[in-house]
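Everything below belongs to query_9.cif, which stores mmCIF, C-alpha atoms and all ligand atoms.
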```cif
data_entry
loop_
_atom_site.label_atom_id
_atom_site.label_comp_id
_atom_site.auth_asym_id
_atom_site.auth_seq_id
_atom_site.Cartn_x
_atom_site.Cartn_y
_atom_site.Cartn_z
CA LYS C 1 -32.65 108.46 -52.33
CA SER C 2 -30.09 106.78 -54.58
CA ASN C 3 -30.16 106.30 -58.32
CA GLU C 4 -26.85 104.51 -58.29
CA ALA C 5 -26.98 100.94 -59.69
CA LEU C 6 -27.21 98.11 -57.18
CA ASN C 7 -23.96 96.32 -56.31
CA VAL C 8 -24.20 92.89 -54.71
CA MET C 9 -21.66 90.40 -53.43
CA ILE C 10 -22.50 86.74 -52.90
CA SER C 11 -20.30 84.46 -50.88
CA GLY C 12 -20.33 80.94 -49.49
CA ALA C 13 -18.39 77.70 -49.40
CA PRO C 14 -17.71 75.67 -52.57
CA ALA C 15 -21.01 74.35 -53.97
CA SER C 16 -23.11 76.36 -51.52
CA GLY C 17 -25.28 77.41 -54.48
CA LYS C 18 -23.78 80.76 -55.49
CA GLY C 19 -23.95 80.13 -59.25
CA THR C 20 -27.48 78.71 -59.01
CA GLN C 21 -28.75 81.72 -57.06
CA CYS C 22 -26.92 84.16 -59.34
CA GLN C 23 -28.90 82.84 -62.32
CA LEU C 24 -32.13 83.55 -60.44
CA ILE C 25 -30.94 86.97 -59.22
CA THR C 26 -29.84 88.18 -62.67
CA ALA C 27 -33.12 86.97 -64.22
CA LYS C 28 -35.12 89.12 -61.82
CA TYR C 29 -32.87 92.09 -61.08
CA GLY C 30 -30.90 92.46 -64.32
CA LEU C 31 -27.52 92.77 -62.61
CA VAL C 32 -24.33 91.80 -64.43
CA HIS C 33 -23.08 88.48 -63.00
CA ILE C 34 -19.31 88.44 -62.56
CA ALA C 35 -17.98 85.10 -61.27
CA ALA C 36 -14.26 84.89 -60.56
CA GLY C 37 -14.28 81.12 -61.17
CA ASP C 38 -16.04 81.54 -64.54
CA LEU C 39 -13.55 84.21 -65.65
CA LEU C 40 -10.71 81.84 -64.76
CA ARG C 41 -12.29 78.87 -66.56
CA ALA C 42 -12.81 81.04 -69.66
CA GLU C 43 -9.10 81.90 -69.56
CA ILE C 44 -8.21 78.20 -69.20
CA ALA C 45 -10.38 77.41 -72.23
CA THR C 46 -8.20 79.68 -74.39
CA ALA C 47 -5.07 77.78 -73.22
CA SER C 48 -3.32 81.11 -72.57
CA PRO C 49 -0.23 81.18 -70.31
CA ILE C 50 -2.32 82.88 -67.61
CA GLY C 51 -5.01 80.21 -67.96
CA ASN C 52 -2.47 77.40 -67.71
CA ARG C 53 -0.98 78.95 -64.62
CA ALA C 54 -4.39 79.46 -62.99
CA LYS C 55 -5.34 75.84 -63.62
CA GLN C 56 -2.38 74.57 -61.61
CA TYR C 57 -3.80 76.30 -58.52
CA MET C 58 -7.43 75.40 -59.18
CA GLU C 59 -6.55 71.72 -59.52
CA LYS C 60 -5.08 71.83 -56.02
CA GLY C 61 -8.07 73.73 -54.62
CA LEU C 62 -5.85 76.73 -53.85
CA LEU C 63 -6.53 80.40 -54.48
CA VAL C 64 -5.17 81.63 -57.79
CA PRO C 65 -2.60 84.40 -57.11
CA ASP C 66 -3.87 87.97 -56.81
CA GLU C 67 -1.88 89.26 -59.78
CA ILE C 68 -4.09 87.12 -62.02
CA VAL C 69 -7.47 87.35 -60.30
CA VAL C 70 -7.53 90.97 -59.16
CA GLU C 71 -6.86 92.37 -62.62
CA MET C 72 -9.36 90.02 -64.28
CA VAL C 73 -12.20 91.02 -61.96
CA LYS C 74 -11.31 94.71 -62.05
CA GLU C 75 -11.40 94.76 -65.86
CA ARG C 76 -14.82 93.12 -65.91
CA LEU C 77 -16.21 95.50 -63.28
CA LEU C 78 -15.04 98.49 -65.29
CA LYS C 79 -17.01 97.50 -68.39
CA PRO C 80 -19.93 99.83 -69.07
CA ASP C 81 -22.65 97.19 -68.56
CA SER C 82 -21.57 96.55 -64.94
CA GLN C 83 -21.51 100.26 -64.25
CA GLN C 84 -24.89 100.85 -65.85
CA HIS C 85 -26.91 97.86 -64.63
CA GLY C 86 -25.08 97.17 -61.37
CA TRP C 87 -23.02 94.09 -60.58
CA LEU C 88 -23.37 90.77 -58.82
CA LEU C 89 -19.94 89.63 -57.76
CA ASP C 90 -19.64 85.89 -57.10
CA GLY C 91 -16.58 84.23 -55.56
CA TYR C 92 -14.64 87.45 -55.07
CA PRO C 93 -13.10 88.69 -52.82
CA ARG C 94 -11.79 85.50 -51.24
CA SER C 95 -9.03 87.07 -49.15
CA LEU C 96 -8.23 90.23 -47.29
CA SER C 97 -5.85 91.39 -50.03
CA GLN C 98 -8.52 90.94 -52.71
CA ALA C 99 -11.02 92.94 -50.65
CA THR C 100 -8.45 95.68 -50.09
CA ALA C 101 -7.69 95.83 -53.82
CA LEU C 102 -11.38 96.20 -54.64
CA ASN C 103 -11.76 98.94 -52.10
CA SER C 104 -8.78 100.82 -53.52
CA PHE C 105 -10.52 100.88 -56.93
CA SER C 106 -13.62 102.26 -55.17
CA PHE C 107 -15.83 99.25 -55.91
CA ARG C 108 -18.13 98.91 -52.93
CA PRO C 109 -21.05 96.53 -52.47
CA HIS C 110 -24.36 97.63 -50.97
CA ILE C 111 -25.08 94.16 -49.61
CA PHE C 112 -23.06 91.02 -48.87
CA LEU C 113 -25.12 87.84 -49.18
CA LEU C 114 -23.67 84.92 -47.27
CA LEU C 115 -24.94 81.44 -48.17
CA ASP C 116 -24.71 79.27 -45.09
CA VAL C 117 -24.68 75.52 -45.89
CA SER C 118 -23.73 72.50 -43.76
CA GLU C 119 -20.55 70.72 -44.73
CA HIS C 120 -22.06 67.30 -45.52
CA VAL C 121 -24.54 68.94 -47.88
CA LEU C 122 -21.68 70.61 -49.79
CA VAL C 123 -19.90 67.37 -50.69
CA ASP C 124 -23.15 65.84 -51.91
CA ARG C 125 -23.82 68.89 -54.10
CA VAL C 126 -20.35 68.90 -55.64
CA VAL C 127 -20.27 65.25 -56.57
CA GLY C 128 -23.67 65.39 -58.32
CA ARG C 129 -23.14 68.70 -60.11
CA ARG C 130 -23.25 68.75 -63.92
CA LEU C 131 -23.06 71.69 -66.33
CA ASP C 132 -24.66 72.29 -69.69
CA PRO C 133 -21.90 73.67 -71.93
CA LEU C 134 -24.49 75.00 -74.38
CA THR C 135 -26.64 77.10 -72.05
CA GLY C 136 -24.38 77.46 -69.00
CA ASN C 137 -27.17 76.01 -66.83
CA ILE C 138 -26.19 74.26 -63.61
CA TYR C 139 -27.75 70.86 -62.88
CA HIS C 140 -27.55 68.25 -60.15
CA LEU C 141 -28.17 64.57 -60.86
CA LYS C 142 -30.39 64.27 -57.78
CA TYR C 143 -31.66 67.77 -56.90
CA SER C 144 -31.90 69.47 -60.29
CA PRO C 145 -31.89 66.80 -63.02
CA PRO C 146 -31.79 67.75 -66.71
CA GLU C 147 -35.18 68.23 -68.38
CA THR C 148 -34.53 66.10 -71.46
CA GLN C 149 -32.40 63.18 -72.65
CA GLU C 150 -30.76 65.50 -75.15
CA ILE C 151 -29.51 67.81 -72.40
CA ALA C 152 -28.50 64.84 -70.21
CA ALA C 153 -26.30 63.50 -73.01
CA ARG C 154 -24.24 66.68 -73.30
CA LEU C 155 -23.68 67.48 -69.61
CA THR C 156 -20.11 67.89 -68.38
CA GLN C 157 -18.41 67.79 -65.01
CA ARG C 158 -15.92 70.35 -63.70
CA PHE C 159 -12.31 69.19 -63.37
CA ASP C 160 -12.25 70.16 -59.67
CA ASP C 161 -15.53 68.49 -58.69
CA SER C 162 -14.32 65.24 -57.15
CA GLU C 163 -14.82 64.50 -53.45
CA GLU C 164 -11.07 64.68 -52.92
CA LYS C 165 -10.74 68.07 -54.65
CA VAL C 166 -13.70 69.63 -52.87
CA LYS C 167 -12.09 68.80 -49.52
CA LEU C 168 -9.06 70.83 -50.57
CA ARG C 169 -11.30 73.69 -51.76
CA LEU C 170 -13.14 73.63 -48.43
CA LYS C 171 -9.88 73.81 -46.53
CA THR C 172 -8.84 76.90 -48.52
CA HIS C 173 -12.27 78.39 -47.91
CA HIS C 174 -11.97 77.93 -44.13
CA GLN C 175 -8.52 79.50 -44.10
CA ASN C 176 -9.73 82.69 -45.77
CA VAL C 177 -13.40 83.19 -44.98
CA ASP C 178 -13.14 85.00 -41.63
CA SER C 179 -10.99 87.84 -42.90
CA VAL C 180 -13.46 88.55 -45.71
CA LEU C 181 -16.51 88.31 -43.44
CA SER C 182 -15.07 90.80 -40.97
CA ILE C 183 -14.76 93.45 -43.69
CA TYR C 184 -18.38 93.26 -44.80
CA LYS C 185 -20.08 92.43 -41.50
CA ASP C 186 -22.07 95.68 -41.46
CA ILE C 187 -23.80 94.87 -44.75
CA THR C 188 -23.97 91.07 -44.42
CA VAL C 189 -27.25 89.21 -44.77
CA LYS C 190 -26.98 85.55 -43.84
CA ILE C 191 -29.05 83.18 -45.98
CA ASN C 192 -29.93 79.62 -44.99
CA GLY C 193 -28.60 77.77 -48.04
CA ASN C 194 -29.57 74.26 -46.88
CA LEU C 195 -33.12 74.65 -48.18
CA SER C 196 -34.43 74.08 -51.71
CA LYS C 197 -33.25 76.35 -54.52
CA ASP C 198 -36.56 78.28 -54.50
CA GLN C 199 -36.62 78.64 -50.72
CA VAL C 200 -33.08 79.99 -50.79
CA PHE C 201 -34.00 82.45 -53.53
CA ALA C 202 -37.05 83.62 -51.58
CA GLN C 203 -34.75 84.78 -48.75
CA ILE C 204 -32.41 86.56 -51.17
CA ASP C 205 -35.33 88.15 -52.99
CA THR C 206 -36.67 89.57 -49.71
CA ALA C 207 -33.24 90.95 -48.79
CA LEU C 208 -32.76 92.64 -52.16
CA THR C 209 -36.29 94.02 -52.34
CA THR C 210 -35.93 95.47 -48.85
CA LEU C 211 -32.60 97.04 -49.77
CA ILE C 212 -33.94 98.57 -52.99
CA HIS C 213 -36.87 100.01 -51.10
CA GLN C 214 -34.59 101.50 -48.44
CA ARG C 215 -32.36 103.09 -51.06
CA ASN C 216 -35.19 104.40 -53.16
CA PRO C 217 -38.41 104.56 -51.14
CA ALA C 218 -40.34 106.50 -53.77
CA SER C 219 -40.13 103.98 -56.60
CA GLY C 220 -40.13 100.62 -54.82
CA SER C 221 -38.35 99.11 -57.80
CA LEU C 222 -35.02 99.27 -59.60
P1 LIG Y 1 -15.49 78.77 -58.12
O1 LIG Y 1 -15.83 78.48 -59.52
O2 LIG Y 1 -15.90 80.06 -57.55
O3 LIG Y 1 -15.99 77.55 -57.24
P2 LIG Y 1 -16.54 77.45 -55.74
O4 LIG Y 1 -16.45 78.62 -54.88
O5 LIG Y 1 -15.92 76.21 -55.25
O6 LIG Y 1 -18.05 77.39 -55.95
P3 LIG Y 1 -18.78 76.48 -56.95
O7 LIG Y 1 -18.85 77.11 -58.31
O8 LIG Y 1 -18.20 75.11 -56.86
O9 LIG Y 1 -20.23 76.36 -56.33
P4 LIG Y 1 -21.47 77.33 -56.25
O10 LIG Y 1 -21.54 77.91 -54.88
O11 LIG Y 1 -21.54 78.26 -57.41
O12 LIG Y 1 -22.62 76.23 -56.34
P5 LIG Y 1 -23.63 75.81 -57.54
O13 LIG Y 1 -24.70 76.85 -57.66
O14 LIG Y 1 -22.89 75.41 -58.75
O15 LIG Y 1 -13.90 78.64 -57.91
C1 LIG Y 1 -13.19 77.55 -58.43
C2 LIG Y 1 -11.69 77.74 -58.18
O16 LIG Y 1 -11.25 78.92 -58.87
C3 LIG Y 1 -11.27 77.95 -56.73
O17 LIG Y 1 -11.07 76.73 -56.07
C4 LIG Y 1 -9.99 78.77 -56.90
O18 LIG Y 1 -8.90 77.91 -57.23
C5 LIG Y 1 -10.28 79.64 -58.10
N1 LIG Y 1 -10.84 80.95 -57.72
C6 LIG Y 1 -12.13 81.37 -57.87
N2 LIG Y 1 -12.28 82.62 -57.38
C7 LIG Y 1 -11.07 83.01 -56.92
C8 LIG Y 1 -10.58 84.18 -56.28
N3 LIG Y 1 -11.38 85.22 -56.00
N4 LIG Y 1 -9.28 84.22 -55.93
C9 LIG Y 1 -8.44 83.19 -56.19
N5 LIG Y 1 -8.83 82.05 -56.77
C10 LIG Y 1 -10.14 81.95 -57.14
O19 LIG Y 1 -24.32 74.54 -56.85
C11 LIG Y 1 -23.60 73.35 -56.64
C12 LIG Y 1 -24.51 72.13 -56.93
O20 LIG Y 1 -25.56 72.08 -55.99
C13 LIG Y 1 -25.18 72.17 -58.31
O21 LIG Y 1 -25.24 70.88 -58.82
C14 LIG Y 1 -26.60 72.71 -58.02
O22 LIG Y 1 -27.54 72.22 -58.96
C15 LIG Y 1 -26.84 72.17 -56.64
N6 LIG Y 1 -27.64 73.08 -55.82
C16 LIG Y 1 -27.51 74.45 -55.73
N7 LIG Y 1 -28.42 74.95 -54.86
C17 LIG Y 1 -29.10 73.88 -54.36
C18 LIG Y 1 -30.17 73.75 -53.40
N8 LIG Y 1 -30.66 74.82 -52.76
N9 LIG Y 1 -30.61 72.52 -53.13
C19 LIG Y 1 -30.10 71.40 -53.76
N10 LIG Y 1 -29.10 71.48 -54.68
C20 LIG Y 1 -28.62 72.70 -54.97
#
```
What does this structure look like when you write it as structure tokens?
Ligand code: AP5
Amino acid sequence: KSNEALNVMISGAPASGKGTQCQLITAKYGLVHIAAGDLLRAEIATASPIGNRAKQYMEKGLLVPDEIVVEMVKERLLKPDSQQHGWLLDGYPRSLSQATALNSFSFRPHIFLLLDVSEHVLVDRVVGRRLDPLTGNIYHLKYSPPETQEIAARLTQRFDDSEEKVKLRLKTHHQNVDSVLSIYKDITVKINGNLSKDQVFAQIDTALTTLIHQRNPASGSL
């Protein structure tokens, strides 16, 4: 029996649906969503020297250096809410050195969710993605269109969401993914991410419910 908060990692190629699924996971399980990409974009928005430096890498689809990312994620994980409610780590670790750093701070996931999506689907998802700056909601012009004209009018596009940029991001992903997967293979649950948003969530929901039940058979809940 374990009363320790649930710690989840979610991984997958660019635009595989990590952010979309994280919104559904946090709504149901109350975990604290920590997305490396979001932390970096927040830093860019402040126009800090670190943000400006990070942007140079992100624009090329390259990994931002560890000395920036590792510290940022560590700080967020150490905040009391992550410790109390459990965390949902999205887009980190992306390399062996990032995984090693996390391990050395004793942050260990209970489950590693891997979103598996075909390459041609990824490009289509990136190009149509739009974000609502007001709510943080993720839309897609074809698959998840905005509910109202008012929302449609304020949607923005990410600076690295062109077809050309996503190819660079995919290349970086392929160069690094195997080393990360090998570390977490014992706790990996592979999710078919080609299906609809709800069908993908149903698989994740089953995996998390099963895990919670295994860790705490008496309660059957968080
Ligand atoms: P990051 O922000 O993490 O981007 P990414 O990994 O490329 O992933 P995305 O945010 O693009 O996609 P997602 O999987 O969240 O998909 P979404 O749910 O939005 O990283 C950006 C950059 O930051 C990196 O390139 C790197 O430079 C840097 N960085 C980040 N982490 C780092 C780290 N640890 N170390 C170093 N550098 C780092 O979905 C995509 C679209 O598809 C949306 O429009 C959505 O509506 C739609 N969609 C989602 N699910 C479905 C579905 N099931 N069916 C149909 N459409 C769907």
Contact residues around range 175-185 of chain C with all atoms listed in the file at 9 Å, ignoring same-chain residues under 4 positions, as a list of chain:residue names = C:Gly12, C:Ala13, C:Pro93, C:Arg94, C:Ser95, C:Leu96, C:Gln98, C:Ala99, C:Pro109, C:Ile111, C:Phe112, C:Leu114, C:Leu170, C:Lys171, C:Val189
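As for CA of Asp132 in chain C and CA of Gly51 in chain C, they are spaced 21.3 Å apart.
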Find the residues around range 64-75 of chain C up to 7 Å (all atoms listed in the file counted), leave out those fewer than 3 positions away in its own chain, and share them as a ChimeraX atom specification.
-> /C:36,54,57-58,78-79,98
For range 208-212 of chain C, I'd like the enclosing box, axis-aligned and padded by 8 Å on every side, reported as lines of an AutoDock Vina configuration file with centre and edge lengths in Å to one decimal.
```
center_x = -34.4
center_y = 95.6
center_z = -50.9
size_x = 19.7
size_y = 21.9
size_z = 20.1
```
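The two atoms in question, CA of Leu62 in chain C and CA of Ser144 in chain C, are spaced 27.8 Å apart.
Atom to atom, CA of Leu211 in chain C and atom C1 of ligand LIG 1 (chain Y) stand 28.8 Å apart.
Using only C-alpha atoms and all ligand atoms, the shortest contact distance between ligand LIG 1 (chain Y) and any of C:Asp90, C:Glu43, C:Glu147, C:Glu163 is found at C:Asp90.
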So which residues touch Lys28 in chain C within 12 Å, counting only C-alpha atoms, skipping near sequence neighbours fewer than 6 positions away, as JSON, numbers by chain?
-> {"C": [21, 22, 201, 202, 204, 205, 208, 209, 221, 222]}
Using only C-alpha atoms, which of C:Arg215, C:His173, C:His110, C:Arg41 sits nearest Ser11 in chain C?
-> C:His173
Would you kindly return, as number ranges by chain, each protein, DNA or RNA residue with an atom no farther than 12 Å from any atom of Thr135 in chain C, considering all atoms listed in the file and excluding same-chain residues fewer than 6 positions away?
-> C: 23, 146, 151, 154-156
Which is closest to ligand LIG 1 (chain Y) among C:Lys60, C:His33, C:Lys18, C:Lys190, if we use all atoms listed in the file?
-> C:Lys18
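Nearest residue to Thr188 in chain C among C:Lys165, C:Glu4, C:Asp116, C:Gly128 is C:Asp116, counting all atoms listed in the file.
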Using only C-alpha atoms and all ligand atoms, the residue out of C:Asn137, C:Gln157, C:Ser82, C:Thr20 with shortest distance to ligand LIG 1 (chain Y) is C:Thr20
Which of C:Ser16, C:Asn7, C:Ser104, C:Asn52 sits closest to ligand LIG 1 (chain Y) [using all atoms listed in the file] | C:Ser16
